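Notes to accompany the following structure.
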Amino acid sequence: MPTALPEPTQLNTPELLEAFFERSQDGFFFMMLDQPVEWGPGVDQDAVLDYVFSHQRMSKVNPAMAQQSGPSRRS
């Protein structure tokens, strides 16, 4: 007999999210900015993107992204 699926709250744990991040074959990263940015219809989106690309700091990279882009991994 098939087992019941876990409750949704059991699937949203830090351990499972970390496992998904680390084992995914797609490249993912977390990025930090010096300050929050606003995005929407009334914003100069080109200026916001320029700011993001010039001020972003990758704070965590999964193995797939590291393989694609080649940065060193630091804990």
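Lettering and numbering for the structure tokens are positional, with chains as A, B, ... in the shown order, residues counted from 1 in each chain, and ligands counted from 1 in the shown order.
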Near A:Met65, counting only C-alpha atoms, which residues have an atom at most 8 Å away, once you skip same-chain residues fewer than 6 positions from it, shown as an mmCIF file with all heavy atoms, in the first residue's frame?
data_model
loop_
_atom_site.group_PDB
_atom_site.id
_atom_site.type_symbol
_atom_site.label_atom_id
_atom_site.label_comp_id
_atom_site.auth_asym_id
_atom_site.auth_seq_id
_atom_site.Cartn_x
_atom_site.Cartn_y
_atom_site.Cartn_z
ATOM 1 N N ASP A 26 20.343 22.565 -11.430
ATOM 2 C CA ASP A 26 20.248 23.943 -11.913
ATOM 3 C C ASP A 26 21.095 24.831 -11.014
ATOM 4 O O ASP A 26 21.189 24.606 -9.807
ATOM 5 C CB ASP A 26 18.799 24.440 -11.890
ATOM 6 C CG ASP A 26 17.924 23.708 -12.894
ATOM 7 O OD1 ASP A 26 18.393 23.451 -14.017
ATOM 8 O OD2 ASP A 26 16.774 23.395 -12.552
ATOM 9 N N GLY A 27 21.684 25.845 -11.600
ATOM 10 C CA GLY A 27 22.498 26.770 -10.828
ATOM 11 C C GLY A 27 21.641 27.782 -10.086
ATOM 12 O O GLY A 27 20.769 28.418 -10.665
ATOM 13 N N PHE A 28 21.869 27.907 -8.788
ATOM 14 C CA PHE A 28 21.168 28.876 -7.942
ATOM 15 C C PHE A 28 22.191 29.641 -7.122
ATOM 16 O O PHE A 28 23.245 29.115 -6.781
ATOM 17 C CB PHE A 28 20.219 28.179 -6.953
ATOM 18 C CG PHE A 28 19.053 27.502 -7.582
ATOM 19 C CD1 PHE A 28 19.036 26.126 -7.739
ATOM 20 C CD2 PHE A 28 17.953 28.234 -8.011
ATOM 21 C CE1 PHE A 28 17.944 25.488 -8.308
ATOM 22 C CE2 PHE A 28 16.867 27.606 -8.584
ATOM 23 C CZ PHE A 28 16.865 26.229 -8.731
ATOM 24 N N PHE A 29 21.844 30.869 -6.772
ATOM 25 C CA PHE A 29 22.685 31.610 -5.851
ATOM 26 C C PHE A 29 21.826 32.587 -5.058
ATOM 27 O O PHE A 29 20.728 32.945 -5.468
ATOM 28 C CB PHE A 29 23.814 32.361 -6.568
ATOM 29 C CG PHE A 29 23.345 33.458 -7.491
ATOM 30 C CD1 PHE A 29 23.243 34.763 -7.037
ATOM 31 C CD2 PHE A 29 23.028 33.195 -8.812
ATOM 32 C CE1 PHE A 29 22.826 35.786 -7.879
ATOM 33 C CE2 PHE A 29 22.620 34.194 -9.673
ATOM 34 C CZ PHE A 29 22.512 35.494 -9.198
#
Within 8 Å of A:Glu22 using only C-alpha atoms, minus same-chain residues under 2 positions, as a PyMOL selection string: chain A and resi 18-20+24+62-63
Hey, can you spit out that residue selection with N, CA and C atoms as a PDB file, in the first residue's frame?
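Written out: selection.pdb:
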ATOM      1  N   GLU A  18      17.771  23.141   2.160  1.00  0.00           N
ATOM      2  CA  GLU A  18      19.225  23.103   1.943  1.00  0.00           C
ATOM      3  C   GLU A  18      19.606  21.944   1.021  1.00  0.00           C
ATOM      4  N   ALA A  19      18.980  20.792   1.211  1.00  0.00           N
ATOM      5  CA  ALA A  19      19.256  19.637   0.348  1.00  0.00           C
ATOM      6  C   ALA A  19      18.854  19.941  -1.092  1.00  0.00           C
ATOM      7  N   PHE A  20      17.702  20.576  -1.279  1.00  0.00           N
ATOM      8  CA  PHE A  20      17.271  20.949  -2.624  1.00  0.00           C
ATOM      9  C   PHE A  20      18.279  21.898  -3.259  1.00  0.00           C
ATOM     10  N   SER A  24      20.502  20.355  -6.461  1.00  0.00           N
ATOM     11  CA  SER A  24      19.861  20.705  -7.721  1.00  0.00           C
ATOM     12  C   SER A  24      20.891  20.743  -8.848  1.00  0.00           C
ATOM     13  N   ASN A  62      25.240  27.354  -5.164  1.00  0.00           N
ATOM     14  CA  ASN A  62      25.158  25.896  -5.102  1.00  0.00           C
ATOM     15  C   ASN A  62      26.200  25.276  -6.033  1.00  0.00           C
ATOM     16  N   PRO A  63      26.479  23.980  -5.895  1.00  0.00           N
ATOM     17  CA  PRO A  63      27.525  23.349  -6.709  1.00  0.00           C
ATOM     18  C   PRO A  63      27.307  23.493  -8.219  1.00  0.00           C
TER      19      PRO A  63
END
All strand (DSSP E) residues (DSSP, backbone) inside stretch 15-49 of chain A, as JSON, numbers by chain: {"A": [29, 30, 31, 32]}
Those of chain A in DSSP helix (DSSP H, G or I), formatted as a VMD selection string: chain A and resid 8 to 11 14 to 23 45 to 55 63 to 69
Would you mind exporting N, CA and C atoms of the selected residues as a short mmCIF file (atom, residue, chain, number, x, y, z; two decimals), in the first residue's frame?
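selection_37.cif written:
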data_model
loop_
_atom_site.label_atom_id
_atom_site.label_comp_id
_atom_site.auth_asym_id
_atom_site.auth_seq_id
_atom_site.Cartn_x
_atom_site.Cartn_y
_atom_site.Cartn_z
N PRO A 8 2.31 19.42 4.04
CA PRO A 8 3.13 20.49 3.43
C PRO A 8 4.11 21.13 4.40
N THR A 9 3.73 21.26 5.67
CA THR A 9 4.64 21.88 6.63
C THR A 9 5.87 21.02 6.88
N GLN A 10 5.76 19.70 6.66
CA GLN A 10 6.91 18.83 6.83
C GLN A 10 7.88 18.94 5.65
N LEU A 11 7.41 19.47 4.54
CA LEU A 11 8.27 19.60 3.36
C LEU A 11 9.04 20.91 3.36
N PRO A 14 14.23 23.66 6.97
CA PRO A 14 15.54 24.15 6.54
C PRO A 14 16.42 23.05 5.96
N GLU A 15 16.33 21.84 6.52
CA GLU A 15 17.16 20.74 6.03
C GLU A 15 16.78 20.34 4.60
N LEU A 16 15.48 20.25 4.32
CA LEU A 16 15.05 19.88 2.97
C LEU A 16 15.33 21.00 1.97
N LEU A 17 15.15 22.24 2.38
CA LEU A 17 15.45 23.35 1.48
C LEU A 17 16.95 23.40 1.17
N GLU A 18 17.77 23.14 2.16
CA GLU A 18 19.22 23.10 1.94
C GLU A 18 19.61 21.94 1.02
N ALA A 19 18.98 20.79 1.21
CA ALA A 19 19.26 19.64 0.35
C ALA A 19 18.85 19.94 -1.09
N PHE A 20 17.70 20.58 -1.28
CA PHE A 20 17.27 20.95 -2.62
C PHE A 20 18.28 21.90 -3.26
N PHE A 21 18.70 22.90 -2.51
CA PHE A 21 19.66 23.89 -3.00
C PHE A 21 20.98 23.22 -3.40
N GLU A 22 21.50 22.37 -2.54
CA GLU A 22 22.81 21.76 -2.76
C GLU A 22 22.80 20.70 -3.86
N ARG A 23 21.69 20.00 -4.03
CA ARG A 23 21.66 18.86 -4.96
C ARG A 23 21.03 19.16 -6.30
N GLN A 45 13.69 51.06 -14.36
CA GLN A 45 14.17 49.70 -14.20
C GLN A 45 15.59 49.51 -14.72
N ASP A 46 15.98 50.24 -15.75
CA ASP A 46 17.36 50.15 -16.23
C ASP A 46 18.34 50.63 -15.16
N ALA A 47 17.97 51.72 -14.48
CA ALA A 47 18.83 52.25 -13.41
C ALA A 47 18.91 51.27 -12.24
N VAL A 48 17.78 50.65 -11.91
CA VAL A 48 17.78 49.67 -10.82
C VAL A 48 18.66 48.47 -11.19
N LEU A 49 18.53 47.97 -12.40
CA LEU A 49 19.37 46.85 -12.82
C LEU A 49 20.84 47.22 -12.83
N ASP A 50 21.17 48.44 -13.27
CA ASP A 50 22.57 48.89 -13.23
C ASP A 50 23.08 48.88 -11.79
N TYR A 51 22.24 49.36 -10.86
CA TYR A 51 22.63 49.37 -9.44
C TYR A 51 22.85 47.93 -8.95
N VAL A 52 21.90 47.05 -9.25
CA VAL A 52 21.99 45.66 -8.78
C VAL A 52 23.26 45.01 -9.32
N PHE A 53 23.52 45.13 -10.61
CA PHE A 53 24.68 44.46 -11.19
C PHE A 53 26.00 45.05 -10.69
N SER A 54 26.01 46.29 -10.29
CA SER A 54 27.26 46.88 -9.81
C SER A 54 27.44 46.74 -8.30
N HIS A 55 26.39 46.39 -7.55
CA HIS A 55 26.49 46.29 -6.09
C HIS A 55 26.19 44.90 -5.53
N PRO A 63 26.48 23.98 -5.89
CA PRO A 63 27.53 23.35 -6.71
C PRO A 63 27.31 23.49 -8.22
N ALA A 64 26.07 23.41 -8.69
CA ALA A 64 25.82 23.54 -10.13
C ALA A 64 26.21 24.93 -10.62
N MET A 65 25.89 25.95 -9.86
CA MET A 65 26.25 27.32 -10.25
C MET A 65 27.77 27.52 -10.18
N ALA A 66 28.39 26.94 -9.17
CA ALA A 66 29.84 27.04 -9.04
C ALA A 66 30.53 26.40 -10.24
N GLN A 67 29.99 25.27 -10.69
CA GLN A 67 30.57 24.60 -11.85
C GLN A 67 30.37 25.43 -13.11
N GLN A 68 29.21 26.09 -13.22
CA GLN A 68 28.92 26.89 -14.41
C GLN A 68 29.75 28.16 -14.45
N SER A 69 29.92 28.81 -13.31
CA SER A 69 30.57 30.12 -13.30
C SER A 69 31.99 30.11 -12.76
#
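Atom CA of A:Leu33 is found 6.5 Å from atom CA of A:Arg57.
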Nearest to A:Lys60 by atom-to-atom distance, counting only C-alpha atoms, from A:Gln25, A:Thr13, A:Met32, A:Thr3: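 Selected residue with least distance to A:Lys60: A:Met32.
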Pairwise distance for atom CA of A:Glu38 and atom CA of A:Val61, rounded to one decimal in Å: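 Those two atoms sit 24.1 Å apart.
Between atom CA of A:Ser59 and atom CA of A:Asp34 lies a distance of 12.4 Å.
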